[in-house]
Structures are given as structure tokens and as C-alpha cells.
Amino acid sequence: MRPSDIGVIHVGNAFGQLFTGQGHLGAMPATVEPELWGVPAVRHEAACASGSMAVLGAMADLEAGRYDVALVLGAEIEKTVNGELGAKYLDAAAWVGHEGQTATFMWPHMFDLLADEYDRRYGLDDKHLRAIAELNVRNAKKNPNAQTRGWTFTPASFTADDTANPLVEGRIRRTDCSAMTDGAAGVVLVCERYLANTPTAVLAGWGHRTVGLPLEQKLKRSADEPYVLPHVRQTIVDAFTRAGVAEVDLIETHDCFSMSEYAAIDHFGITGPGDSWKAVESGDLEVGGRIPVNPSGGLIGGGHPVGATGVRMVLDAYKQVTGTAGDYQVGGAKTAATLNIGGSTTTSACFVVKA
């Protein structure tokens, strides 16, 4: 495929103006690739779900028949400032001035609150959060694109050792957190008529839900629900229903913190509500287990350049169902799901990719 085949471009980016001062990022592809000059392009922002919004925008263009080929890019640069200032920039994905004012680090604090809610409703043993982090870092060792693949950890790195794995906010420890980082990912989406009868993978189902910004609102609204985050559950159900599947062979999910993956486990229906720990203890999430989760290493192991994450997940799902994931391939995978969230699950997006 040549640049001249591209009919439209969708770019996912969350915090460009804050970290670099650069906006208008829909124009960046044509800036660096002359053959894209004149190709219509747009930027999408939905915090950590920005990349998935770019995928959805491209799908809508293709399904409407406006274009046959769409380039989807996700990109983020976050290493331009020190960690404390960078963390403040990321606060923009919360309800600024209304939540998290007492926290030093907004997002570890928010997912600590989610952990507390799970603990209150069902009970939560922190060792299961640390086991999720350890699994994702271990998976990342086999992914040549994972940003932690060369990092050194010790067994104490995934324990309650305050030196090897210090607390960040509440019960959230260092290895429970994905890192602020730079990175980019891209996929090319095409409509069916462009490929004719050429076998390939398809985006078979999608789900997209948006709720209010504050975590407190979300938890109050779900107080009498079986799921802590019913809108996330419905996002997943929407995607599976549209794809016509009841289960998938693997999942790439949003582990900005180990707690976000813990919540994803029961919301995907791998366990009943509040029982995510059972899948952690049983080995179900391992490559070779009943339903591998984050064989790429996810965000904790692979990296979380915010605007790129949703696009990277779709790319990894494609690699898995086409048998091209290399050393982190899930054997026999023909269906894969992704879950990408923005903020405290304010925006959620799920895709099902089928071979």
C-alpha cells in the first residue's frame, strides 16, 4: 500500500498542547509525509481512549462510503517535563477543581479509590493487584516493542516491600502503575470492497460509552448494580453483540493501573462481579490459560503513550488473530477483544477483532 492510497487520516492524541505546546495534530501526517498533502485528517481527544476514538472515526468514514482506506495514528509525547509536572498535566482528564484536590498524584489516587470500592463491596487482597502487574511485566519480556522488556525487576518488586515497591497513593504501589512515556502506533483500515475476496482480519464489533467525569458520580450510580462500572460492562456487551460472539480467545485491556485490569476481568465476564481474584489465582489470564489477558505486556509492561494506546491494542489484536505476534503469540487465536478507557472510565471503548 502506498501513501496515495490513503483517503482519510484519523489521529488520536490526548495532551499534545500540554506536553509540547503543539496542537492541530491532524495536520502532522502531511507535514512529515509529502504524499499525504491534501488528504483530509482530524484529531480525536478522549484522554487515554483517544486512540480508540480515532479508530471509531475511521470506521464511520469507511462504513459511510466516503473513503475506502483510512490511516489511523495514535501518538503521545510525555517525557518533555519532570514526572510531577507531567502528572499535573494528566489531571486534565479528571473533573478539574472538583476531584482529587488532596492527592499528590491524581490517577493513582483515583484507581486507589476504585480499589477501595471493590474492597468495600466484595473484599480485595492487594496481592492480586501485584500479581497482575508481575504477569504483565513478564509477558512484556517476549514483546520486542514493549518498553519495559529490558528493565530489571526483582521478586520484591511485586510485593509490599516499601523500598523495592514503594507506595504512590493509598494502596497503589509503583509497579501497579504504568509509566509516563512517549510512543506511537498506526493501523490501516479498509472497507470490504477495497479488499474484495482477500482474506484478512476484520473489526467485527465495537462498543463506545461515555459517562460523567467524576468517579464519585460513577460509584454512586452503580451502588445497587452488580457491576461497579456498569457502563463499562455495557460497552463490552455492545461490542460482543455486534460481533456475534459470546467469548474471545484473548483480551488486550487497559491496565493503566493493575486495578483497572482487575476491574476489567469481571466486567468482561471472565468471572462474576467482584470475583476477579479467582482468574488471577487460577492462571486463567496467562498465555496458555483459559483467556489470556495482555499477552503483549499491556500498559504496565508495554508502555502507555496515552493517545497511542487504543490504536496499539487494535494492532496487537490483529497480530494475534493473524498469527503474526511472534514470541507472544496466543496459540490458535482467531478472536481478540480490546478495552480502552479514558479518565476514570469516563470514556470506554471495546473492539472485537476476528480472523
# chains A, B, ... in the order shown; residues from 1 in each chain; ligands from 1
>>> residues_around(residues="segment 80-90 of chain A", least_positions_apart="6", cutoff="10 Å", atoms="only C-alpha atoms", output="PyMOL selection string")
chain A and resi 14-15+17-20+47-48+104-108+179-182+306+343
>>> residues_around(residues="Leu113 of chain A", least_positions_apart="2", cutoff="10 Å", atoms="only C-alpha atoms", output="VMD selection string")
chain A and resid 107 to 111 115 to 119 169 to 172 215 to 216 219 259
>>> write_last_selection(atoms="C-alpha atoms", output="PDB file, in the first residue's frame")
ATOM      1  CA  TRP A 107      -4.605   8.908  38.731  1.00  0.00           C
ATOM      2  CA  PRO A 108      -3.023   6.550  41.269  1.00  0.00           C
ATOM      3  CA  HIS A 109      -5.390   8.213  43.740  1.00  0.00           C
ATOM      4  CA  MET A 110      -8.458   7.649  41.538  1.00  0.00           C
ATOM      5  CA  PHE A 111      -7.720   3.978  40.969  1.00  0.00           C
ATOM      6  CA  ALA A 115      -9.808  -0.401  44.686  1.00  0.00           C
ATOM      7  CA  ASP A 116     -11.377   0.800  47.936  1.00  0.00           C
ATOM      8  CA  GLU A 117     -14.835   0.458  46.389  1.00  0.00           C
ATOM      9  CA  TYR A 118     -14.105  -3.102  45.311  1.00  0.00           C
ATOM     10  CA  ASP A 119     -12.790  -3.818  48.785  1.00  0.00           C
ATOM     11  CA  GLU A 169      -1.175   6.767  46.623  1.00  0.00           C
ATOM     12  CA  GLY A 170      -3.202   4.716  49.096  1.00  0.00           C
ATOM     13  CA  ARG A 171      -2.620   1.025  48.358  1.00  0.00           C
ATOM     14  CA  ILE A 172      -1.285   1.684  44.847  1.00  0.00           C
ATOM     15  CA  LEU A 215     -15.501   8.874  39.746  1.00  0.00           C
ATOM     16  CA  GLU A 216     -17.768   9.636  42.704  1.00  0.00           C
ATOM     17  CA  LEU A 219     -19.761   4.828  42.048  1.00  0.00           C
ATOM     18  CA  MET A 259      -6.634  -2.058  39.466  1.00  0.00           C
TER      19      MET A 259
END
>>> residues_around(residues="segment 56-64 of chain A", least_positions_apart="2", cutoff="8 Å", atoms="only C-alpha atoms", output="tab-separated table (two decimals) with C-alpha atoms, in the first residue's frame")
chain	number	residue	atom	x	y	z
A	8	VAL	CA	-8.59	9.91	5.14
A	9	ILE	CA	-6.49	10.14	8.31
A	10	HIS	CA	-7.64	9.97	11.94
A	52	SER	CA	-9.92	4.26	20.11
A	53	MET	CA	-11.90	7.35	19.16
A	54	ALA	CA	-9.65	7.69	16.12
A	66	ARG	CA	-16.80	8.30	1.93
A	67	TYR	CA	-13.43	6.58	1.61
A	68	ASP	CA	-12.06	3.10	1.01
A	69	VAL	CA	-8.82	3.38	3.03
A	70	ALA	CA	-8.18	5.13	6.35
A	71	LEU	CA	-4.90	5.65	8.16
A	72	VAL	CA	-5.32	5.67	11.95
A	189	LEU	CA	-8.31	0.20	7.93
A	190	VAL	CA	-10.00	-0.61	4.66
A	191	CYS	CA	-13.58	-1.26	3.61
>>> residues_around(residues="His231 of chain A", least_positions_apart="6", cutoff="9 Å", atoms="only C-alpha atoms", output="PDB file with N, CA, C and O atoms, in the first residue's frame")
ATOM      1  N   ARG A 209     -19.073   3.980  25.095  1.00  0.00           N
ATOM      2  CA  ARG A 209     -19.955   4.636  26.050  1.00  0.00           C
ATOM      3  C   ARG A 209     -19.198   5.784  26.715  1.00  0.00           C
ATOM      4  O   ARG A 209     -17.996   5.691  26.960  1.00  0.00           O
ATOM      5  N   THR A 210     -19.925   6.851  27.030  1.00  0.00           N
ATOM      6  CA  THR A 210     -19.343   7.992  27.742  1.00  0.00           C
ATOM      7  C   THR A 210     -20.261   8.373  28.895  1.00  0.00           C
ATOM      8  O   THR A 210     -21.483   8.465  28.713  1.00  0.00           O
ATOM      9  N   VAL A 211     -19.676   8.588  30.064  1.00  0.00           N
ATOM     10  CA  VAL A 211     -20.447   8.988  31.250  1.00  0.00           C
ATOM     11  C   VAL A 211     -19.801  10.246  31.822  1.00  0.00           C
ATOM     12  O   VAL A 211     -18.871  10.810  31.243  1.00  0.00           O
ATOM     13  N   LYS A 218     -19.912   8.025  39.281  1.00  0.00           N
ATOM     14  CA  LYS A 218     -19.999   6.666  38.743  1.00  0.00           C
ATOM     15  C   LYS A 218     -20.302   5.665  39.857  1.00  0.00           C
ATOM     16  O   LYS A 218     -21.151   4.778  39.696  1.00  0.00           O
ATOM     17  N   THR A 345     -12.708   5.728  33.672  1.00  0.00           N
ATOM     18  CA  THR A 345     -13.664   5.026  32.790  1.00  0.00           C
ATOM     19  C   THR A 345     -14.751   5.969  32.281  1.00  0.00           C
ATOM     20  O   THR A 345     -15.843   5.528  31.940  1.00  0.00           O
ATOM     21  N   SER A 348     -15.231   4.782  27.486  1.00  0.00           N
ATOM     22  CA  SER A 348     -14.794   3.393  27.332  1.00  0.00           C
ATOM     23  C   SER A 348     -15.091   2.938  25.912  1.00  0.00           C
ATOM     24  O   SER A 348     -16.108   3.298  25.321  1.00  0.00           O
TER      25      SER A 348
END
>>> residues_around(residues="Val202 of chain A", least_positions_apart="2", cutoff="7 Å", atoms="only C-alpha atoms", output="list of chain:residue names")
A:Thr200, A:Ala204, A:Val353, A:Lys354, A:Ala355
>>> closest_residue(among="A:Ile77, A:Cys350, A:Val96, A:Glu134", to="Gly205 of chain A", atoms="only C-alpha atoms")
A:Cys350
>>> residues_around(residues="Ala349 of chain A", least_positions_apart="6", cutoff="6 Å", atoms="only C-alpha atoms", output="PDB file with N, CA and C atoms, in the first residue's frame")
ATOM      1  N   GLY A 207     -17.935  -1.205  20.799  1.00  0.00           N
ATOM      2  CA  GLY A 207     -18.756  -0.598  21.832  1.00  0.00           C
ATOM      3  C   GLY A 207     -18.125   0.713  22.257  1.00  0.00           C
ATOM      4  N   HIS A 208     -18.939   1.697  22.581  1.00  0.00           N
ATOM      5  CA  HIS A 208     -18.436   3.028  22.962  1.00  0.00           C
ATOM      6  C   HIS A 208     -19.470   3.674  23.874  1.00  0.00           C
ATOM      7  N   LEU A 339     -10.123  -3.386  25.338  1.00  0.00           N
ATOM      8  CA  LEU A 339     -10.865  -2.435  26.161  1.00  0.00           C
ATOM      9  C   LEU A 339      -9.934  -1.286  26.483  1.00  0.00           C
ATOM     10  N   ASN A 340     -10.332  -0.093  26.075  1.00  0.00           N
ATOM     11  CA  ASN A 340      -9.546   1.123  26.235  1.00  0.00           C
ATOM     12  C   ASN A 340     -10.409   2.134  26.977  1.00  0.00           C
TER      13      ASN A 340
END
>>> select_by_dssp(residues="segment 41-185 of chain A", states="helix (DSSP H, G or I)", output="NGL selection string")
:A and (50-63 or 83-93 or 106-121 or 126-140 or 155-158 or 174-176)
>>> residues_around(residues="segment 240-250 of chain A", least_positions_apart="2", cutoff="12 Å", atoms="only C-alpha atoms", output="PyMOL selection string")
chain A and resi 202-208+233-238+252-253+265+268-270+284-296+313+316-321+328-339+349-355
>>> select_by_dssp(residues="segment 161-293 of chain A", states="strand (DSSP E)", output="PyMOL selection string")
chain A and resi 167-169+172-173+183-190+202-210+250-253
>>> closest_residue(among="A:Gly65, A:Pro3, A:Arg120, A:Gly12", to="Leu36 of chain A", atoms="only C-alpha atoms")
A:Pro3
>>> closest_residue(among="A:Met1, A:Ala75, A:Val39, A:Ala279", to="Gly307 of chain A", atoms="only C-alpha atoms")
A:Ala75
>>> atom_distance(atom1="atom CA of Lys141 of chain A", atom2="atom CA of Ser50 of chain A")
26.5 Å
